[in-house]
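The structure under discussion appears below in the form of structure tokens.
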Protein chains: 2
Amino acid sequence: MRIPDLLPRLLAGDRRALARAISLAEQGGPPARELLAAVYPHAGRAHIVGITGPPGAGKSTLVNALALELRSLGRTVGIVAVDPTSPFSGGAVLGDRIRMQALCGDPGVFIRSMASRGRLGGLSRATADAVALIDAAGFDIALIETVGAGQGEVDIARAAQTTIVVEVPGMGDDVQSIKAGVLEIADLFVVNKADRDGADKTVRQLRSMLHLGGPPADGWEPPVLPAVASAGQGIAEIIAEADRHATHLRAGDGADAHARAAAEGDLRAAVQELAIERLRGPAWDALVAKIVARRGDPYTAAEELLGAL
Amino acid sequence: MRIPDLLPRLLAGDRRALARAISLAEQGGPPARELLAAVYPHAGRAHIVGITGPPGAGKSTLVNALALELRSLGRTVGIVAVDPTSPFSGGAVLGDRIRMQALCGDPGVFIRSMASRGRLGGLSRATADAVALIDAAGFDIALIETVGAGQGEVDIARAAQTTIVVEVPGMGDDVQSIKAGVLEIADLFVVNKADRDGADKTVRQLRSMLHLGGPPADGWEPPVLPAVASAGQGIAEIIAEADRHATHLRAGDGADAHARAAAEGDLRAAVQELAIERLRGPAWDALVAKIVARRGDPYTAAEELLGAL
């Protein structure tokens with residue numbers, strides 16, 4: 001399908017056109033850029049929600065429960081799973097798959113898994129593109145599921161307007177590790193599997209950790225919500241708080257600040273991709289060979305290449 | 001200290017000059033590039049070993065034990081800790097700190113922790129720079145410690161010639177998650193805390209998982225080694241296997257392929273950093289504002305900016 005044919009179908013919310021468009025975007029290069037350039041002015045309306053947390057926290061089950069609840073409220077949902085171990089990505093546990101079937105065949109739900117392959121270091125880019133396409137296709141909410149451990153995931157979280165960090169009870173060590181890296185990015189905490197021993201303690205620990213940081217600069221105090229995603233418990237509360245966060249962003253300058261940061265990040269990524277594409281060629285290969293032989297260095301070579309543009 | 005003064009001291013292996021140089025590199029910009037360009041021809045001799053695995057696998061303890069053993073063999077060691085929860089980064093458990101004191105004050109050991117801050121998405125870049133500087137300062141081995149979960153960590157692992165993946169017994173779920181993402185990058189598996197129940201089973205599982213993949217394309221079959229890092233058990237075997245891997249790389253074209261990929265990655269990163277630096281300014285800001293207002297898109301804006309170079 002050519003882009004001029006694809007575009008109106010995508011903007012009309014056609015799910016097959018959307019799947020095709022994401023695949024095209026993943027491949028990168030001029031056609032991907034042409035598509036994304038055409039789509040860009042139509043995006044910017046969806047609420048983008050990131051869901052992150054350690055393996056085993058039940059993120060996929062939570063995403064599934066949130067999607068079902070959102071559908072019952074009449075809202076459409078696009079899901080992007082970036083976790084390579086997510087059942088959405090094929091690494092399924094049978095129970096998860098059965099639960100998820102309730103979503104399959106519902107035209108108000110679109111599910112896409114992004115593998116950890118593709119453009120080098122470009123997973124956060126590919127995710128942002130997929131979210132922009134889902135947004136342009138008119139979905140109300142985009143849910144991004146990622147494993148929450150490293151810098152890559154923090155980068156992916158930047159695409160989200162609202163970031164939900166999922167914990168489970170009784171992982172004393174993990175509360176430690178959250179403190180180090182993920183506390184800053186959380187707009188909502190969910191303590192999943194809250195029917196387990198120690199759930200109250202984990203909720204209390206997270207709350208006191210949040211209080212230790214003092215009053216938040218942007219006036220948003222992240223709530224800590226217990227849930228049992230597999231039983232649908234606490235799901236409505238999570239959606240209510242996510243909505244409240246979206247309202248909070250729009251009321252202050254949070255939404256603007258996010259839009260500016262996202263635009264700048266998108267521009268930076270586009271410049272970087274385009275610069276490499278234009279500079280690749282015989283001169284590039286010759287410079288790589290010189291660097292391998294340690295007769296040159298990447299920084300001087302980069303000056304040379306950019307000077308020749 | 002000016003770069004012409006810093007350089008000879010760094011190349012002579014002065015640890016204070018090395019620390020200073022890494023800080024300079026972390027700041028980025030023209031001085032960082034000048035330094036790294038000057039240093040580059042002197043690097044390329046160290047064996048670069050990545051150590052990755054989930055939180056709680058005992059990576060820091062293993063790094064500590066490896067460093068002590070390497071020192072007893074008369075080899076010098078530079079350690080770069082990229083894990084924000086690593087004791088090397090300040091998130092210490094008392095026992096770890098005490099163990100680590102054996103390394104402090106030894107001029108044959110250099111320890112540096114890289115925080116998850118600094119240049120946006122640039123942690124893998126900053127790590128590669130730090131390793132290059134350690135290498136140029138004449139250290140025999142560079143050990144990079146990272147949390148092994150996300151794409152960011154996989155990118156960091158690319159800087160390593162030999163990647164050690166650390167597991168612990170009885171984490172059935174984690175063996176699953178390894179399968180999905182980390183199996184491809186492991187040159188050695190270490191099952192740490194092998195005095196715990198289930199260690200044999202974890203070793204067996206990993207071995208059979210590796211066999212499922214069929215004979216390795218590059219002729220290297222990753223060994224699975226039990227260890228008790230806190231007691232120094234199994235450490236000599238890990239070093240022997242890491243050495244054997246280095247020899248394997250040199251014997252085939254593995255070392256060349258790694259050097260080419262590293263050179264190309266370094267060149268790409270340098271081009272990207274330089275391009276952004278040159279393009280930032282009033283025109284950049286105006287285009288960001290247009291993109292925020294959805295009156296423009298990042299891809300067309302990038303073409304415009306690069307066309308004006």
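Each chain of the structure tokens is named A, B, ... in the order shown, its residues numbered from 1; ligands are numbered from 1 in display order.
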Using only C-alpha atoms, tabulate the residues of range 34-68 of chain B lying at most 7 Å from any atom of range 219-230 of chain B, each with its closest atom pair and that distance in Å to one decimal, by chain and increasing residue number, as a tab-separated table.
residue	atom	partner	partner_atom	distance
B:Thr61	CA	B:Ala229	CA	6.0
B:Leu62	CA	B:Ala229	CA	4.9
B:Ala65	CA	B:Ala229	CA	6.1
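Here CA of Arg250 in chain A is placed at a distance of 22.9 Å from CA of Thr52 in chain A.
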For Val168 in chain A: contacts at 8 Å, only C-alpha atoms, fewer than 3 positions along chain excluded, given as a PyMOL selection string: chain A and resi 57+171+191-194+199+202
Close residues, Val63 in chain A itself excluded, 9 Å, only C-alpha atoms, min 2 positions apart in chain, as number ranges by chain: A: 51, 58-61, 65-68, 79, 143-145, 229
Exercise: Val109 in chain B partners within 12 Å, only C-alpha atoms, chain neighbours under 2 positions left out, as a ChimeraX atom specification: /B:13-15,18,63-64,66-72,74-80,100-107,111-112,134,137-143
For the selection just defined, write its residues with N, CA and C atoms to a file, as a compact mmCIF listing (two decimals), in the first residue's frame.
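part06.txt written:
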# COMPACT_ATOMS: atom_id res chain seq x y z
N GLY B 13 49.27 6.40 33.04
CA GLY B 13 48.51 5.57 33.99
C GLY B 13 48.20 6.27 35.31
N ASP B 14 48.37 7.59 35.36
CA ASP B 14 48.07 8.37 36.57
C ASP B 14 46.56 8.30 36.85
N ARG B 15 46.19 7.78 38.03
CA ARG B 15 44.78 7.56 38.32
C ARG B 15 44.00 8.85 38.51
N LEU B 18 43.26 10.15 35.15
CA LEU B 18 42.21 9.32 34.54
C LEU B 18 40.82 9.74 35.03
N VAL B 63 32.19 -8.74 40.74
CA VAL B 63 33.18 -7.81 40.19
C VAL B 63 34.34 -7.64 41.17
N ASN B 64 33.97 -7.47 42.43
CA ASN B 64 34.95 -7.32 43.50
C ASN B 64 35.88 -8.54 43.57
N LEU B 66 36.43 -10.81 41.22
CA LEU B 66 37.22 -10.90 39.99
C LEU B 66 38.41 -9.95 40.05
N ALA B 67 38.16 -8.73 40.54
CA ALA B 67 39.22 -7.73 40.60
C ALA B 67 40.33 -8.19 41.55
N LEU B 68 39.95 -8.73 42.70
CA LEU B 68 40.96 -9.21 43.66
C LEU B 68 41.79 -10.33 43.06
N GLU B 69 41.13 -11.27 42.38
CA GLU B 69 41.84 -12.39 41.77
C GLU B 69 42.77 -11.91 40.64
N LEU B 70 42.27 -10.99 39.83
CA LEU B 70 43.09 -10.45 38.74
C LEU B 70 44.33 -9.75 39.30
N ARG B 71 44.15 -9.02 40.40
CA ARG B 71 45.28 -8.34 41.03
C ARG B 71 46.31 -9.35 41.53
N SER B 72 45.81 -10.47 42.10
CA SER B 72 46.74 -11.48 42.62
C SER B 72 47.52 -12.13 41.47
N GLY B 74 48.60 -10.24 39.14
CA GLY B 74 49.47 -9.16 38.68
C GLY B 74 48.88 -8.32 37.56
N ARG B 75 47.57 -8.47 37.30
CA ARG B 75 46.96 -7.70 36.22
C ARG B 75 46.21 -6.50 36.79
N THR B 76 46.26 -5.38 36.07
CA THR B 76 45.59 -4.16 36.53
C THR B 76 44.15 -4.12 36.02
N VAL B 77 43.27 -3.48 36.80
CA VAL B 77 41.83 -3.55 36.55
C VAL B 77 41.17 -2.18 36.67
N GLY B 78 40.42 -1.80 35.67
CA GLY B 78 39.55 -0.63 35.76
C GLY B 78 38.12 -1.10 35.83
N ILE B 79 37.34 -0.55 36.77
CA ILE B 79 35.95 -0.97 36.95
C ILE B 79 35.03 0.20 36.63
N VAL B 80 34.05 -0.03 35.77
CA VAL B 80 33.03 0.98 35.49
C VAL B 80 31.69 0.39 35.90
N MET B 100 34.86 -4.38 49.60
CA MET B 100 35.48 -3.55 48.59
C MET B 100 36.71 -2.79 49.05
N GLN B 101 36.81 -2.63 50.38
CA GLN B 101 37.95 -1.87 50.89
C GLN B 101 39.27 -2.51 50.54
N ALA B 102 39.27 -3.82 50.31
CA ALA B 102 40.50 -4.50 49.91
C ALA B 102 41.04 -3.94 48.61
N LEU B 103 40.13 -3.36 47.80
CA LEU B 103 40.56 -2.80 46.51
C LEU B 103 41.03 -1.36 46.63
N CYS B 104 40.49 -0.66 47.64
CA CYS B 104 40.80 0.76 47.77
C CYS B 104 42.27 0.95 48.10
N GLY B 105 42.85 1.95 47.53
CA GLY B 105 44.25 2.25 47.82
C GLY B 105 45.24 1.42 47.01
N ASP B 106 44.73 0.45 46.25
CA ASP B 106 45.59 -0.33 45.35
C ASP B 106 45.74 0.45 44.04
N PRO B 107 46.95 0.88 43.69
CA PRO B 107 47.11 1.68 42.48
C PRO B 107 46.84 0.89 41.19
N ILE B 111 38.32 2.54 40.08
CA ILE B 111 36.87 2.31 40.15
C ILE B 111 36.12 3.59 39.80
N ARG B 112 35.16 3.48 38.91
CA ARG B 112 34.36 4.65 38.56
C ARG B 112 32.90 4.25 38.42
N ILE B 134 40.21 4.34 30.27
CA ILE B 134 40.85 3.32 31.13
C ILE B 134 41.84 2.49 30.30
N ALA B 137 44.87 4.44 29.47
CA ALA B 137 45.70 4.62 30.66
C ALA B 137 46.50 3.35 30.98
N GLY B 138 46.30 2.32 30.18
CA GLY B 138 47.16 1.15 30.29
C GLY B 138 46.65 0.02 31.18
N PHE B 139 45.41 0.11 31.65
CA PHE B 139 44.87 -0.99 32.46
C PHE B 139 44.69 -2.23 31.58
N ASP B 140 44.97 -3.40 32.18
CA ASP B 140 44.91 -4.64 31.41
C ASP B 140 43.48 -5.07 31.10
N ILE B 141 42.60 -4.86 32.11
CA ILE B 141 41.22 -5.32 32.00
C ILE B 141 40.28 -4.18 32.38
N ALA B 142 39.23 -4.00 31.61
CA ALA B 142 38.15 -3.09 32.03
C ALA B 142 36.91 -3.93 32.30
N LEU B 143 36.37 -3.82 33.53
CA LEU B 143 35.14 -4.53 33.90
C LEU B 143 33.98 -3.53 33.91
Long-range neighbours of Tyr40 in chain A as a PyMOL selection string, 8 Å cut-off, only C-alpha atoms, 6 positions minimum in chain: (chain A and resi 132+136) or (chain B and resi 294+296-297)
Interatomic distance, CA of Pro298 in chain B to CA of Leu267 in chain A (Å, one decimal): 4.5 Å
Residues of range 191-262 of chain A in helix (DSSP H, G or I), written as a PyMOL selection string: chain A and resi 199-212+229-231+235-251+254-262
Now that the selection is made, can you save its residues with C-alpha atoms as an mmCIF file, in the first residue's frame?
data_model
loop_
_atom_site.group_PDB
_atom_site.id
_atom_site.type_symbol
_atom_site.label_atom_id
_atom_site.label_comp_id
_atom_site.auth_asym_id
_atom_site.auth_seq_id
_atom_site.Cartn_x
_atom_site.Cartn_y
_atom_site.Cartn_z
ATOM 1 C CA ALA A 199 1.113 -5.443 50.691
ATOM 2 C CA ASP A 200 0.194 -2.843 53.313
ATOM 3 C CA LYS A 201 3.820 -2.526 54.301
ATOM 4 C CA THR A 202 4.936 -2.004 50.709
ATOM 5 C CA VAL A 203 2.250 0.668 50.245
ATOM 6 C CA ARG A 204 3.381 2.390 53.463
ATOM 7 C CA GLN A 205 7.063 2.167 52.482
ATOM 8 C CA LEU A 206 6.432 3.719 49.107
ATOM 9 C CA ARG A 207 4.320 6.494 50.634
ATOM 10 C CA SER A 208 6.959 7.386 53.209
ATOM 11 C CA MET A 209 9.668 7.264 50.544
ATOM 12 C CA LEU A 210 7.634 9.748 48.508
ATOM 13 C CA HIS A 211 7.177 11.978 51.562
ATOM 14 C CA LEU A 212 10.921 11.933 52.225
ATOM 15 C CA ALA A 229 -5.012 -6.914 38.533
ATOM 16 C CA SER A 230 -5.824 -10.588 37.941
ATOM 17 C CA ALA A 231 -9.147 -10.109 39.783
ATOM 18 C CA ILE A 235 -8.475 -0.949 38.384
ATOM 19 C CA ALA A 236 -11.171 1.754 38.322
ATOM 20 C CA GLU A 237 -9.187 3.720 40.940
ATOM 21 C CA ILE A 238 -6.039 3.567 38.805
ATOM 22 C CA ILE A 239 -7.916 4.904 35.796
ATOM 23 C CA ALA A 240 -9.476 7.672 37.898
ATOM 24 C CA GLU A 241 -6.038 8.729 39.165
ATOM 25 C CA ALA A 242 -4.509 8.580 35.669
ATOM 26 C CA ASP A 243 -7.338 10.830 34.453
ATOM 27 C CA ARG A 244 -6.745 13.160 37.366
ATOM 28 C CA HIS A 245 -3.067 13.319 36.419
ATOM 29 C CA ALA A 246 -3.946 14.199 32.815
ATOM 30 C CA THR A 247 -6.189 16.998 34.114
ATOM 31 C CA HIS A 248 -3.403 18.172 36.421
ATOM 32 C CA LEU A 249 -0.985 18.336 33.467
ATOM 33 C CA ARG A 250 -3.419 20.366 31.384
ATOM 34 C CA ALA A 251 -4.223 22.735 34.261
ATOM 35 C CA GLY A 254 2.896 20.280 32.634
ATOM 36 C CA ALA A 255 1.237 19.376 29.353
ATOM 37 C CA ASP A 256 3.088 22.162 27.520
ATOM 38 C CA ALA A 257 6.413 21.224 29.084
ATOM 39 C CA HIS A 258 5.850 17.611 28.082
ATOM 40 C CA ALA A 259 4.912 18.573 24.530
ATOM 41 C CA ARG A 260 8.010 20.759 24.202
ATOM 42 C CA ALA A 261 10.316 18.032 25.523
ATOM 43 C CA ALA A 262 8.690 15.462 23.237
#
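The nearest approach to Phe110 in chain A among the residues A:Asp187, A:Asp135, A:Asp129, A:Asp285, with only C-alpha atoms taken into account, belongs to A:Asp135.
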Among the residues B:Arg125, B:Leu73, B:Met1, B:Pro30, the one that comes closest to Asp266 in chain B [using only C-alpha atoms]: B:Arg125
Long-range neighbours of Ala25 in chain B as a ChimeraX atom specification, 10 Å cut-off, only C-alpha atoms, 3 positions minimum in chain: /B:19-22,28-36,125-127,129-130,133
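Nearest residue to Thr163 in chain A among A:Leu274, A:Ala308, A:Ala128, A:Ile48 is A:Ile48, counting only C-alpha atoms.
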